[in-house]
file coords-v5.tsv (TSV, C-alpha atoms)
chain	number	residue	atom	x	y	z
A	1	SER	CA	-20.39	-9.43	3.39
A	2	PRO	CA	-17.70	-6.93	2.36
A	3	PRO	CA	-18.81	-4.25	4.87
A	4	GLY	CA	-18.66	-6.80	7.69
A	5	ARG	CA	-15.24	-8.07	6.64
A	6	LEU	CA	-13.97	-4.52	6.41
A	7	ALA	CA	-15.35	-3.54	9.83
A	8	ILE	CA	-14.00	-6.60	11.65
A	9	ALA	CA	-10.54	-6.44	10.08
A	10	ALA	CA	-10.06	-2.66	10.28
A	11	GLY	CA	-11.58	-2.30	13.74
A	12	GLY	CA	-9.51	-5.15	15.12
A	13	ALA	CA	-6.31	-3.87	13.51
A	14	ARG	CA	-6.80	-0.36	14.85
A	15	LEU	CA	-7.39	-1.70	18.37
A	16	LEU	CA	-4.43	-4.08	18.24
A	17	LEU	CA	-2.03	-1.52	16.73
A	18	ARG	CA	-3.01	1.51	18.80
A	19	GLY	CA	0.14	3.39	19.70
A	20	VAL	CA	2.42	1.51	17.26
A	21	GLY	CA	4.65	3.86	15.32
A	22	ALA	CA	7.39	3.76	12.74
A	23	GLY	CA	10.77	2.50	13.85
A	24	ARG	CA	12.63	-0.63	14.86
A	25	HIS	CA	11.06	-3.07	17.29
A	26	PRO	CA	12.34	-6.38	18.70
A	27	ARG	CA	11.45	-9.49	16.73
A	28	GLY	CA	8.95	-11.50	18.76
A	29	GLY	CA	8.20	-8.51	21.00
A	30	SER	CA	4.78	-7.08	21.73
A	31	VAL	CA	4.68	-4.85	18.62
A	32	HIS	CA	5.64	-7.76	16.38
A	33	LEU	CA	3.01	-10.02	17.91
A	34	ARG	CA	0.32	-7.34	17.70
A	35	LEU	CA	1.14	-6.72	14.04
A	36	TRP	CA	1.13	-10.44	13.28
A	37	THR	CA	-2.23	-10.84	15.04
A	38	ALA	CA	-3.74	-7.91	13.12
A	39	GLU	CA	-2.64	-9.44	9.81
A	40	ARG	CA	-4.05	-12.87	10.75
A	41	LEU	CA	-7.33	-11.25	11.83
A	42	ALA	CA	-7.63	-9.51	8.44
A	43	GLU	CA	-6.93	-12.81	6.72
A	44	CYS	CA	-9.47	-14.78	8.80
A	45	ALA	CA	-12.12	-12.09	8.44
A	46	GLY	CA	-11.77	-12.26	4.66
A	47	ALA	CA	-10.53	-8.71	4.20
A	48	THR	CA	-7.62	-9.98	2.11
A	49	SER	CA	-10.10	-11.00	-0.60
A	50	LEU	CA	-11.67	-7.53	-0.97
A	51	THR	CA	-11.40	-5.99	-4.43
A	52	GLY	CA	-12.36	-2.84	-6.29
A	53	ALA	CA	-13.67	0.18	-4.40
A	54	TRP	CA	-13.70	-1.87	-1.19
A	55	LEU	CA	-9.90	-1.67	-1.05
A	56	GLU	CA	-10.02	2.12	-0.89
A	57	ARG	CA	-12.63	1.98	1.86
A	58	TYR	CA	-10.59	-0.62	3.72
A	59	ALA	CA	-7.47	1.56	3.47
A	60	ARG	CA	-9.33	4.56	4.86
A	61	ALA	CA	-10.81	2.45	7.67
A	62	LEU	CA	-7.29	1.36	8.62
A	63	GLY	CA	-6.25	5.00	8.87
A	64	ALA	CA	-4.51	5.47	5.52
A	65	ARG	CA	-4.80	8.79	3.68
A	66	VAL	CA	-6.31	8.09	0.29
A	67	GLY	CA	-6.75	10.97	-2.13
A	68	PRO	CA	-9.55	11.30	-4.66
A	69	ASP	CA	-9.50	9.33	-7.93
A	70	VAL	CA	-7.01	6.75	-6.59
A	71	ASP	CA	-6.83	3.43	-8.45
A	72	LEU	CA	-5.88	0.91	-5.73
A	73	HIS	CA	-5.62	-2.80	-6.63
A	74	SER	CA	-3.42	-4.01	-3.75
A	75	LEU	CA	-4.03	-4.57	-0.06
A	76	PRO	CA	-3.24	-1.61	2.19
A	77	PRO	CA	-1.04	-2.11	5.26
A	78	VAL	CA	-2.86	-2.96	8.49
A	79	THR	CA	-0.70	-0.33	10.22
A	80	GLY	CA	-2.54	2.43	8.34
A	81	MET	CA	0.83	4.02	7.48
A	82	LEU	CA	-0.02	4.66	3.84
A	83	ARG	CA	-0.54	7.87	1.91
A	84	LEU	CA	-1.87	7.79	-1.65
A	85	GLY	CA	-1.97	11.07	-3.56
A	86	ARG	CA	-4.70	12.26	-5.91
A	87	GLY	CA	-5.07	10.15	-9.04
A	88	CYS	CA	-2.25	7.71	-8.35
A	89	ALA	CA	-2.44	4.08	-9.47
A	90	VAL	CA	-1.23	1.07	-7.52
A	91	GLU	CA	-1.52	-2.08	-9.62
A	92	ALA	CA	-2.23	-5.63	-8.41
A	93	GLU	CA	0.01	-7.55	-6.02
A	94	VAL	CA	2.08	-4.55	-4.93
A	95	ASP	CA	3.52	-5.08	-1.44
A	96	LEU	CA	2.53	-1.97	0.53
A	97	ARG	CA	2.92	-3.51	4.00
A	98	GLY	CA	5.63	-1.09	5.06
A	99	HIS	CA	7.27	-3.56	7.42
A	100	TRP	CA	9.84	-6.33	7.23
A	101	LEU	CA	12.05	-8.40	9.49
A	102	ASP	CA	15.71	-7.42	9.49
A	103	GLY	CA	17.48	-10.06	11.55
A	104	ASP	CA	16.19	-9.74	15.09
A	105	GLN	CA	14.35	-6.47	14.41
A	106	LEU	CA	10.96	-5.60	12.95
A	107	VAL	CA	11.24	-2.45	10.82
A	108	ILE	CA	8.03	-0.45	10.36
A	109	GLY	CA	7.73	2.68	8.24
A	110	PRO	CA	5.25	4.72	6.23
A	111	VAL	CA	4.74	4.24	2.49
A	112	ARG	CA	3.85	7.23	0.29
A	113	VAL	CA	2.77	7.38	-3.34
A	114	GLY	CA	2.46	10.87	-4.82
A	115	ALA	CA	-0.30	12.34	-6.96
A	116	GLY	CA	-0.44	10.93	-10.48
A	117	ALA	CA	2.23	8.31	-9.77
A	118	VAL	CA	2.03	4.71	-11.02
A	119	VAL	CA	3.37	1.66	-9.17
A	120	GLY	CA	3.59	-1.45	-11.38
A	121	THR	CA	2.39	-4.96	-10.62
A	122	ARG	CA	4.30	-7.05	-8.07
A	123	SER	CA	6.48	-4.19	-6.93
A	124	LEU	CA	7.72	-3.88	-3.36
A	125	LEU	CA	7.70	-0.60	-1.45
A	126	LEU	CA	9.87	-1.06	1.63
A	127	PRO	CA	9.35	0.87	4.89
A	128	GLY	CA	9.93	4.58	4.33
A	129	ALA	CA	9.51	4.34	0.53
A	130	ARG	CA	8.30	7.49	-1.22
A	131	VAL	CA	7.20	7.66	-4.84
A	132	GLY	CA	7.07	11.25	-6.05
A	133	LYS	CA	4.34	12.97	-8.03
A	134	ARG	CA	3.88	11.71	-11.60
A	135	ALA	CA	6.65	9.13	-11.08
A	136	GLU	CA	6.59	5.58	-12.42
A	137	VAL	CA	7.80	2.39	-10.77
A	138	ALA	CA	8.14	-0.45	-13.28
A	139	PRO	CA	6.53	-3.83	-12.53
A	140	GLY	CA	8.56	-6.09	-10.26
A	141	SER	CA	10.69	-3.30	-8.80
A	142	ALA	CA	11.78	-2.84	-5.19
A	143	VAL	CA	11.79	0.75	-3.93
A	144	VAL	CA	14.13	1.23	-0.99
A	145	GLY	CA	14.18	5.01	-0.61
A	146	GLN	CA	12.71	7.82	-2.66
A	147	VAL	CA	11.69	8.00	-6.32
A	148	PRO	CA	11.81	11.70	-7.28
A	149	THR	CA	8.98	13.53	-9.00
A	150	GLY	CA	8.48	12.72	-12.68
A	151	GLN	CA	11.07	9.94	-12.90
A	152	ARG	CA	10.83	6.31	-14.02
A	153	TRP	CA	12.56	3.71	-11.87
A	154	ALA	CA	12.94	-0.06	-12.28
A	155	GLY	CA	14.84	-3.02	-10.83
A	156	ALA	CA	15.55	-4.53	-7.46
A	157	PRO	CA	16.71	-2.31	-5.90
A	158	ALA	CA	15.09	0.26	-8.15
A	159	VAL	CA	17.34	2.62	-10.09
A	160	LYS	CA	16.58	5.59	-12.30
A	161	LEU	CA	15.80	4.84	-15.96
A	162	GLY	CA	14.85	8.34	-17.04
A	163	ARG	CA	11.77	10.50	-17.17
A	164	ALA	CA	8.27	9.09	-16.66
A	165	LYS	CA	6.48	8.73	-19.97
A	166	HIS	CA	2.80	8.06	-19.18
A	167	ASP	CA	2.24	6.88	-22.74
A	168	TRP	CA	-0.66	4.50	-22.06
call {"tool": "encode", "arguments": {"input": "coords-v5.tsv", "output": "structure tokens"}}
result
Amino acid sequence: SPPGRLAIAAGGARLLLRGVGAGRHPRGGSVHLRLWTAERLAECAGATSLTGAWLERYARALGARVGPDVDLHSLPPVTGMLRLGRGCAVEAEVDLRGHWLDGDQLVIGPVRVGAGAVVGTRSLLLPGARVGKRAEVAPGSAVVGQVPTGQRWAGAPAVKLGRAKHDW
């Protein structure tokens, strides 16, 4: 059942990743193996197939800060290093993991989406990415650093296109 999947995956991830923080860690080291194990546990427990309001509950159980009225359609990171502001929208298949392998190093960082912001489908938010309040990230974009408040960004890497429109 969804509550069981959520409990097993989130509980296991929090135990495995206790004490893991943002930064650079050796590839194949203990942090990398613990992170890999937590992701496989979530997959085997069926947490990766959760949808709807269960994703918000799963994110909170992992330790993420999720504001009210958030529209979350993508899996939260097992690290719990996610902050979603009031009323933001994260569309389907957005990569919020907040970690990647850079040569022989595992880079882990927080991901933040501000209040009222929109992150389009199949976008990638790299470790340390910040999307400002009322900002827009176009579908398929890769955010490396910070998207300022009220701006629209697109591309890989994402670049400024102008002001956010919110015309839908």
call {"tool": "residues_around", "arguments": {"input": "coords-v5.tsv", "residues": "stretch 132-145 of chain A", "least_positions_apart": "5", "cutoff": "9 Å", "atoms": "all atoms listed in the file", "output": "PyMOL selection string"}}
result
chain A and resi 85+88+91+94+112-127+150-159+163-166
call {"tool": "write_last_selection", "arguments": {"input": "coords-v5.tsv", "atoms": "C-alpha atoms", "output": "compact mmCIF listing (two decimals), in the frame of the given file"}}
result
# COMPACT_ATOMS: atom_id res chain seq x y z
CA GLY A 85 -1.97 11.07 -3.56
CA CYS A 88 -2.25 7.71 -8.35
CA GLU A 91 -1.52 -2.08 -9.62
CA VAL A 94 2.08 -4.55 -4.93
CA ARG A 112 3.85 7.23 0.29
CA VAL A 113 2.77 7.38 -3.34
CA GLY A 114 2.46 10.87 -4.82
CA ALA A 115 -0.30 12.34 -6.96
CA GLY A 116 -0.44 10.93 -10.48
CA ALA A 117 2.23 8.31 -9.77
CA VAL A 118 2.03 4.71 -11.02
CA VAL A 119 3.37 1.66 -9.17
CA GLY A 120 3.59 -1.45 -11.38
CA THR A 121 2.39 -4.96 -10.62
CA ARG A 122 4.30 -7.05 -8.07
CA SER A 123 6.48 -4.19 -6.93
CA LEU A 124 7.72 -3.88 -3.36
CA LEU A 125 7.70 -0.60 -1.45
CA LEU A 126 9.87 -1.06 1.63
CA PRO A 127 9.35 0.87 4.89
CA GLY A 150 8.48 12.72 -12.68
CA GLN A 151 11.07 9.94 -12.90
CA ARG A 152 10.83 6.31 -14.02
CA TRP A 153 12.56 3.71 -11.87
CA ALA A 154 12.94 -0.06 -12.28
CA GLY A 155 14.84 -3.02 -10.83
CA ALA A 156 15.55 -4.53 -7.46
CA PRO A 157 16.71 -2.31 -5.90
CA ALA A 158 15.09 0.26 -8.15
CA VAL A 159 17.34 2.62 -10.09
CA ARG A 163 11.77 10.50 -17.17
CA ALA A 164 8.27 9.09 -16.66
CA LYS A 165 6.48 8.73 -19.97
CA HIS A 166 2.80 8.06 -19.18
call {"tool": "closest_residue", "arguments": {"input": "coords-v5.tsv", "among": "A:Pro68, A:Val31, A:Ala129, A:Leu75", "to": "A:Gly98", "atoms": "all atoms listed in the file"}}
result
A:Ala129
call {"tool": "residues_near_point", "arguments": {"input": "coords-v5.tsv", "point": "(-4.5, 10.5, 0.2)", "cutoff": "6 Å", "atoms": "all atoms listed in the file", "output": "number ranges by chain"}}
result
A: 65-67, 83-85
call {"tool": "atom_distance", "arguments": {"input": "coords-v5.tsv", "atom1": "atom CA of A:Leu6", "atom2": "atom CA of A:Asp95"}}
result
19.2 Å
call {"tool": "atom_distance", "arguments": {"input": "coords-v5.tsv", "atom1": "atom CA of A:Leu15", "atom2": "atom CA of A:Ala59"}}
result
15.3 Å
call {"tool": "atom_distance", "arguments": {"input": "coords-v5.tsv", "atom1": "atom CA of A:Lys160", "atom2": "atom CA of A:Gln146"}}
result
10.6 Å
call {"tool": "closest_residue", "arguments": {"input": "coords-v5.tsv", "among": "A:Ser30, A:Leu35, A:Pro3, A:Val107", "to": "A:Ala53", "atoms": "only C-alpha atoms"}}
result
A:Pro3
call {"tool": "closest_residue", "arguments": {"input": "coords-v5.tsv", "among": "A:Gly103, A:Pro76, A:Gly23, A:Gly29", "to": "A:Ala10", "atoms": "all atoms listed in the file"}}
result
A:Pro76
call {"tool": "closest_residue", "arguments": {"input": "coords-v5.tsv", "among": "A:Leu72, A:Val78, A:Ile108, A:Ala22", "to": "A:Glu93", "atoms": "only C-alpha atoms"}}
result
A:Leu72
call {"tool": "closest_residue", "arguments": {"input": "coords-v5.tsv", "among": "A:Arg130, A:His73, A:Leu101, A:Glu56", "to": "A:Pro26", "atoms": "all atoms listed in the file"}}
result
A:Leu101
call {"tool": "closest_residue", "arguments": {"input": "coords-v5.tsv", "among": "A:Gly21, A:Ala45, A:Gly52, A:Leu16", "to": "A:Val90", "atoms": "all atoms listed in the file"}}
result
A:Gly52
